[in-house]
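Visitor: This is input39.pdb (PDB, C-alpha atoms).
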ATOM      1  CA  MET A   1      -0.444  -7.107 -12.981
ATOM      2  CA  TYR A   2      -3.720  -9.029 -13.157
ATOM      3  CA  ARG A   3      -4.699  -6.965 -16.166
ATOM      4  CA  ALA A   4      -1.415  -7.868 -17.894
ATOM      5  CA  VAL A   5      -2.086 -11.576 -17.345
ATOM      6  CA  THR A   6      -5.605 -11.064 -18.706
ATOM      7  CA  LEU A   7      -4.225  -9.337 -21.796
ATOM      8  CA  LEU A   8      -1.785 -12.210 -22.438
ATOM      9  CA  ALA A   9      -4.539 -14.807 -21.903
ATOM     10  CA  ASN A  10      -6.855 -12.964 -24.316
ATOM     11  CA  ARG A  11      -4.132 -12.756 -26.943
ATOM     12  CA  ALA A  12      -3.432 -16.481 -26.592
ATOM     13  CA  GLY A  13      -7.145 -17.299 -26.886
ATOM     14  CA  ILE A  14      -7.227 -18.926 -23.446
ATOM     15  CA  ALA A  15     -10.722 -19.362 -22.025
ATOM     16  CA  HIS A  16     -11.180 -17.568 -18.728
ATOM     17  CA  SER A  17     -11.939 -20.838 -16.951
ATOM     18  CA  ASP A  18      -9.078 -22.865 -18.497
ATOM     19  CA  ALA A  19      -6.830 -23.044 -15.437
ATOM     20  CA  PRO A  20      -4.315 -25.625 -16.780
ATOM     21  CA  THR A  21      -3.570 -23.654 -19.960
ATOM     22  CA  LEU A  22      -3.430 -20.430 -17.983
ATOM     23  CA  ALA A  23      -0.963 -22.062 -15.562
ATOM     24  CA  HIS A  24       1.295 -22.864 -18.539
ATOM     25  CA  LEU A  25       1.097 -19.253 -19.727
ATOM     26  CA  LEU A  26       1.915 -17.999 -16.211
ATOM     27  CA  HIS A  27       4.878 -20.363 -15.904
ATOM     28  CA  ASN A  28       6.412 -19.006 -19.124
ATOM     29  CA  MET A  29       5.482 -15.354 -18.571
ATOM     30  CA  LEU A  30       8.022 -12.687 -17.650
ATOM     31  CA  LEU A  31       6.269  -9.836 -15.873
ATOM     32  CA  THR A  32       8.146  -6.824 -14.517
ATOM     33  CA  THR A  33       7.479  -3.186 -13.746
ATOM     34  CA  SER A  34       9.419  -0.097 -14.737
ATOM     35  CA  TRP A  35       9.180   3.606 -13.960
ATOM     36  CA  VAL A  36       8.621   5.950 -16.873
ATOM     37  CA  GLY A  37       8.812   9.414 -15.353
ATOM     38  CA  LEU A  38       6.338   9.331 -12.480
ATOM     39  CA  GLU A  39       4.266   6.492 -13.924
ATOM     40  CA  MET A  40       4.705   2.796 -13.222
ATOM     41  CA  HIS A  41       4.598   0.686 -16.388
ATOM     42  CA  VAL A  42       3.964  -3.040 -16.677
ATOM     43  CA  ILE A  43       6.277  -5.010 -18.975
ATOM     44  CA  ALA A  44       4.960  -8.402 -20.123
ATOM     45  CA  ASN A  45       7.392 -10.634 -22.004
ATOM     46  CA  GLY A  46       9.471  -7.581 -22.923
ATOM     47  CA  GLU A  47       6.535  -5.444 -24.140
ATOM     48  CA  ASP A  48       5.263  -2.357 -22.336
ATOM     49  CA  VAL A  49       1.570  -3.246 -22.160
ATOM     50  CA  THR A  50       0.523  -0.363 -19.894
ATOM     51  CA  PRO A  51      -1.484   1.515 -22.570
ATOM     52  CA  LEU A  52      -3.516  -1.637 -23.290
ATOM     53  CA  LEU A  53      -4.562  -2.509 -19.743
ATOM     54  CA  ARG A  54      -7.652  -0.299 -19.423
ATOM     55  CA  ARG A  55      -9.436  -1.502 -22.537
ATOM     56  CA  PRO A  56     -13.054  -2.656 -22.124
ATOM     57  CA  GLU A  57     -12.240  -6.298 -22.947
ATOM     58  CA  ILE A  58      -9.683  -6.327 -20.116
ATOM     59  CA  ASP A  59     -12.186  -4.665 -17.749
ATOM     60  CA  GLN A  60     -14.694  -7.424 -18.518
ATOM     61  CA  ALA A  61     -12.313 -10.390 -18.204
ATOM     62  CA  VAL A  62      -9.879  -9.471 -15.434
ATOM     63  CA  ARG A  63     -12.182 -10.520 -12.599
ATOM     64  CA  PHE A  64     -12.372 -14.069 -13.951
ATOM     65  CA  ILE A  65      -8.626 -14.405 -14.526
ATOM     66  CA  ALA A  66      -7.918 -12.878 -11.100
ATOM     67  CA  SER A  67     -10.206 -15.351  -9.334
ATOM     68  CA  LEU A  68      -8.165 -18.379 -10.446
ATOM     69  CA  CYS A  69      -5.812 -19.887  -7.888
ATOM     70  CA  GLU A  70      -3.071 -20.288 -10.508
ATOM     71  CA  THR A  71      -3.043 -16.571 -11.263
ATOM     72  CA  ARG A  72      -3.091 -15.525  -7.629
ATOM     73  CA  GLN A  73      -0.242 -17.871  -6.657
ATOM     74  CA  LYS A  74       2.022 -16.631  -9.466
ATOM     75  CA  LEU A  75       1.359 -12.958  -8.845
ATOM     76  CA  LEU A  76       1.655 -13.395  -5.076
ATOM     77  CA  LEU A  77       5.289 -14.438  -5.561
ATOM     78  CA  LEU A  78       5.983 -11.513  -7.898
ATOM     79  CA  GLN A  79       4.324  -8.993  -5.571
ATOM     80  CA  ARG A  80       6.264 -10.234  -2.546
ATOM     81  CA  GLN A  81       9.483 -10.083  -4.560
ATOM     82  CA  MET A  82       8.749  -6.445  -5.438
ATOM     83  CA  ALA A  83       8.134  -5.599  -1.774
ATOM     84  CA  LYS A  84      10.966  -7.589  -0.180
ATOM     85  CA  ASP A  85      13.202  -4.549   0.424
ATOM     86  CA  GLY A  86      10.368  -2.353   1.708
ATOM     87  CA  GLY A  87       9.648   1.203   0.706
ATOM     88  CA  VAL A  88       6.768   0.307  -1.606
ATOM     89  CA  VAL A  89       3.124   1.225  -1.864
ATOM     90  CA  MET A  90       0.882  -1.522  -3.217
ATOM     91  CA  GLU A  91      -2.820  -1.529  -3.849
ATOM     92  CA  GLY A  92      -5.098  -4.444  -4.457
ATOM     93  CA  ARG A  93      -7.935  -6.364  -2.926
ATOM     94  CA  ASP A  94      -5.773  -8.866  -1.012
ATOM     95  CA  ILE A  95      -2.544  -6.943  -0.407
ATOM     96  CA  GLY A  96      -3.052  -6.392   3.349
ATOM     97  CA  SER A  97      -4.735  -9.715   4.048
ATOM     98  CA  VAL A  98      -2.663 -12.139   1.926
ATOM     99  CA  VAL A  99       0.191 -10.620  -0.071
ATOM    100  CA  LEU A 100       1.797  -8.481   2.639
ATOM    101  CA  PRO A 101       0.176  -9.470   5.936
ATOM    102  CA  ASN A 102       3.077  -7.901   7.882
ATOM    103  CA  ALA A 103       3.039  -4.547   6.081
ATOM    104  CA  ASP A 104       3.943  -1.567   8.245
ATOM    105  CA  LEU A 105       0.748   0.250   7.284
ATOM    106  CA  LYS A 106      -2.446  -1.162   5.827
ATOM    107  CA  VAL A 107      -5.202   1.117   4.568
ATOM    108  CA  TYR A 108      -8.557  -0.301   3.540
ATOM    109  CA  LEU A 109      -9.819   2.314   1.094
ATOM    110  CA  ASP A 110     -13.549   2.215   0.522
ATOM    111  CA  ALA A 111     -16.434   4.312  -0.752
ATOM    112  CA  SER A 112     -20.096   3.698  -1.407
ATOM    113  CA  ILE A 113     -20.853   1.531  -4.422
ATOM    114  CA  GLU A 114     -22.649   4.448  -6.076
ATOM    115  CA  VAL A 115     -19.636   6.743  -5.733
ATOM    116  CA  ARG A 116     -17.177   4.069  -6.874
ATOM    117  CA  ALA A 117     -19.383   3.309  -9.880
ATOM    118  CA  GLU A 118     -19.679   6.988 -10.796
ATOM    119  CA  ARG A 119     -15.880   7.342 -10.664
ATOM    120  CA  ARG A 120     -15.479   4.273 -12.882
ATOM    121  CA  TRP A 121     -18.198   5.570 -15.229
ATOM    122  CA  ARG A 122     -16.295   8.851 -15.640
ATOM    123  CA  GLU A 123     -13.137   6.852 -16.468
ATOM    124  CA  HIS A 124     -15.100   5.032 -19.182
ATOM    125  CA  LEU A 125     -16.374   8.347 -20.573
ATOM    126  CA  ASN A 126     -12.874   9.846 -20.571
ATOM    127  CA  ARG A 127     -11.689   6.882 -22.647
ATOM    128  CA  GLY A 128     -14.551   7.396 -25.109
ATOM    129  CA  GLU A 129     -16.442   4.300 -23.931
ATOM    130  CA  ASN A 130     -20.207   4.635 -23.958
ATOM    131  CA  MET A 131     -21.651   2.881 -20.914
ATOM    132  CA  SER A 132     -24.597   3.886 -18.787
ATOM    133  CA  LEU A 133     -24.106   4.590 -15.101
ATOM    134  CA  ASP A 134     -26.506   1.716 -14.299
ATOM    135  CA  GLU A 135     -24.318  -0.690 -16.303
ATOM    136  CA  VAL A 136     -21.246   0.421 -14.365
ATOM    137  CA  ILE A 137     -23.059   0.081 -11.022
ATOM    138  CA  ASP A 138     -23.918  -3.509 -11.998
ATOM    139  CA  GLU A 139     -20.299  -4.124 -13.058
ATOM    140  CA  VAL A 140     -18.884  -2.803  -9.754
ATOM    141  CA  TYR A 141     -21.434  -4.779  -7.741
ATOM    142  CA  GLU A 142     -20.606  -8.006  -9.616
ATOM    143  CA  ARG A 143     -16.873  -7.500  -9.185
ATOM    144  CA  ASP A 144     -17.264  -6.886  -5.432
ATOM    145  CA  LYS A 145     -19.415 -10.009  -5.126
ATOM    146  CA  LEU A 146     -17.023 -12.192  -7.115
ATOM    147  CA  ASP A 147     -13.941 -10.899  -5.280
ATOM    148  CA  SER A 148     -15.561 -11.292  -1.856
ATOM    149  CA  GLU A 149     -16.803 -14.824  -2.543
ATOM    150  CA  ARG A 150     -13.806 -16.273  -4.406
ATOM    151  CA  GLU A 151     -12.128 -19.261  -2.805
ATOM    152  CA  HIS A 152      -8.553 -17.983  -3.011
ATOM    153  CA  SER A 153      -7.529 -14.653  -1.462
ATOM    154  CA  PRO A 154     -11.009 -13.162  -1.158
ATOM    155  CA  LEU A 155     -11.557  -9.453  -0.688
ATOM    156  CA  VAL A 156     -11.570  -8.836   3.068
ATOM    157  CA  ARG A 157     -10.451  -5.997   5.271
ATOM    158  CA  ALA A 158      -7.381  -7.099   7.245
ATOM    159  CA  SER A 159      -8.046  -6.885  10.986
ATOM    160  CA  ASP A 160      -5.257  -4.318  11.445
ATOM    161  CA  ALA A 161      -6.093  -2.179   8.400
ATOM    162  CA  ILE A 162      -7.187   1.404   8.906
ATOM    163  CA  LEU A 163     -10.493   2.118   7.180
ATOM    164  CA  VAL A 164     -10.470   5.214   4.979
ATOM    165  CA  ASP A 165     -13.888   5.927   3.489
ATOM    166  CA  ASN A 166     -13.499   8.502   0.746
ATOM    167  CA  THR A 167     -17.139   8.577  -0.330
ATOM    168  CA  GLY A 168     -17.323  12.304   0.355
ATOM    169  CA  ILE A 169     -13.760  13.416  -0.395
ATOM    170  CA  GLY A 170     -11.694  13.690  -3.547
ATOM    171  CA  ILE A 171      -8.366  12.230  -4.558
ATOM    172  CA  ASP A 172      -6.214  15.061  -3.175
ATOM    173  CA  GLU A 173      -7.789  14.857   0.278
ATOM    174  CA  THR A 174      -7.541  11.062   0.204
ATOM    175  CA  VAL A 175      -3.837  11.206  -0.654
ATOM    176  CA  ARG A 176      -3.168  13.774   2.096
ATOM    177  CA  LEU A 177      -4.938  11.586   4.655
ATOM    178  CA  ILE A 178      -3.000   8.446   3.685
ATOM    179  CA  VAL A 179       0.309  10.351   3.715
ATOM    180  CA  LEU A 180      -0.520  11.573   7.241
ATOM    181  CA  LEU A 181      -1.266   8.001   8.320
ATOM    182  CA  ALA A 182       2.060   6.855   6.838
ATOM    183  CA  ARG A 183       3.988   9.606   8.616
ATOM    184  CA  ASP A 184       2.284   8.772  11.910
ATOM    185  CA  ARG A 185       3.182   5.104  11.488
ATOM    186  CA  GLN A 186       6.761   5.998  10.581
ATOM    187  CA  GLY A 187       6.995   8.080  13.768
ATOM    188  CA  GLU A 188       5.601   5.237  15.869
ATOM    189  CA  MET A 189       8.105   2.807  14.367
ATOM    190  CA  ALA A 190      11.008   5.200  15.013
ATOM    191  CA  LYS A 191       9.980   5.541  18.690
ATOM    192  CA  THR A 192       9.714   1.770  19.062
ATOM    193  CA  ALA A 193      13.152   1.294  17.507
ATOM    194  CA  LYS A 194      14.629   3.899  19.851
ATOM    195  CA  ILE A 195      13.128   2.183  22.906
ATOM    196  CA  LYS A 196      14.578  -1.168  21.806
ATOM    197  CA  GLN A 197      18.055   0.364  21.616
TER     198      GLN A 197
END
Turn the structure described in the file into structure tokens.
Guide:
Amino acid sequence: MYRAVTLLANRAGIAHSDAPTLAHLLHNMLLTTSWVGLEMHVIANGEDVTPLLRRPEIDQAVRFIASLCETRQKLLLLQRQMAKDGGVVMEGRDIGSVVLPNADLKVYLDASIEVRAERRWREHLNRGENMSLDEVIDEVYERDKLDSEREHSPLVRASDAILVDNTGIGIDETVRLIVLLARDRQGEMAKTAKIKQ
């Protein structure tokens, strides 16, 4: 969602620090999501922008757009609207701490900066983008720093989030672990509901 806002701001020629103009864009923006097979797509003002969201210019600008209070407030409302009926999985750097502080399960997924940078570097290579691993390490470090130090909705681990460090495990093992955590939580909630009856 933040990438979609960044794309729209770039197209409109809005400077990344121009909060008032960005607020106007956000006010007039229609942002929704839609399933296409097993993939979630982002629809911005009626256009499926999903294929455009991983471009290098979006990678470079999204952290600045995402740090603005105006962006976070608008997307907070949209994210809560999406989650209001439950049964959703959301990921983001402030989902457990700000967006959905009462979520049934919060997982703080982490890995070493070197491993996260190598994963991002491989994504760049797969898209045909020529970046050095050192450049990507710097990029990941800067994003972590900016997100952790921003005034609005900084990156923090919610006090009740379960830490999952997947530095040494792959995506399949990570998914299995999180599914197990979700099933455990679902079982706990069912027992609690039964006791209350």
Visitor: When distances are computed from only C-alpha atoms, which of A:Thr167, A:Ser132, A:Ser153, A:Gln197 shows the smallest separation from A:Arg72?
Guide: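 Smallest distance to A:Arg72 is found for A:Ser153.
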Visitor: For the provided coordinates, the residues matched by the PyMOL selection byres ((chain A and resi 168) around 12) should be stated as number ranges by chain.
Guide: A: 110-112, 114-116, 164-167, 169-174
Visitor: For this file, the PyMOL selection byres ((chain A and resi 155) around 12) selects which residues, as a list in words?
Guide: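 Applied to this file, the PyMOL selection byres ((chain A and resi 155) around 12) returns Arg63, Ala66, Ser67, Gly92, Arg93, Asp94, Ile95, Gly96, Ser97, Val98, Val99, Tyr108, Asp110, Arg143, Asp144, Lys145, Leu146, Asp147, Ser148, Glu149, Arg150, Glu151, His152, Ser153, Pro154, Val156, Arg157 and Ala158 of chain A.
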Visitor: May I ask which of the residues A:Thr6, A:Ser17, A:Gln81, A:Asn28 is the closest one to A:Arg55, counting all atoms listed in the file?
Guide: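 The shortest atom-to-atom distance to A:Arg55 comes from A:Thr6.
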Visitor: So, counting only C-alpha atoms, which residue among A:Leu180, A:Ile162, A:Leu8, A:Leu125 is closest to A:Ile65?
Guide: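 Distance minimum relative to A:Ile65 lands on A:Leu8.
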Visitor: In Å, rounded to a single decimal, give me how far atom CA of A:Leu25 is from atom CA of A:Leu76.
Guide: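 These two atoms are separated by 15.8 Å.
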Visitor: Restricting the calculation to only C-alpha atoms: of A:Leu105, A:Ala19, A:Val175, A:Ala117, which residue gets closest to A:Gly187?
Guide: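 For A:Gly187, the nearest of the given residues is A:Leu105.
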Visitor: In Å, rounded to a single decimal, give me how far atom CA of A:Met1 is from atom CA of A:Ile43.
Guide: 9.2 Å
Visitor: Would you work out the distance separating atom CA of A:Leu109 from atom CA of A:Cys69, expressed in Å to one decimal?
Guide: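 We find that atom CA of A:Leu109 and atom CA of A:Cys69 lie 24.3 Å from each other.
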Visitor: Box time for stretch 141-148 of chain A: axis-aligned, enclosing all its listed atoms, 4 Å extra on each side; report centre and edge lengths in Å to one decimal, as lines of an AutoDock Vina configuration file.
Guide:
center_x = -17.7
center_y = -8.5
center_z = -5.7
size_x = 15.5
size_y = 15.4
size_z = 15.8
Visitor: In terms of the shortest atom-to-atom distance over all atoms listed in the file, which of A:Val136, A:Val42, A:Ile195, A:Leu7 is closest to A:Glu123?
Guide: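 Selected residue with least distance to A:Glu123: A:Val136.
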Visitor: Pick from A:Leu163, A:Ala190, A:Ile137, A:Val5: nearest to A:Leu53, with only C-alpha atoms counted?
Guide: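 Among the listed residues, the smallest separation from A:Leu53 belongs to A:Val5.
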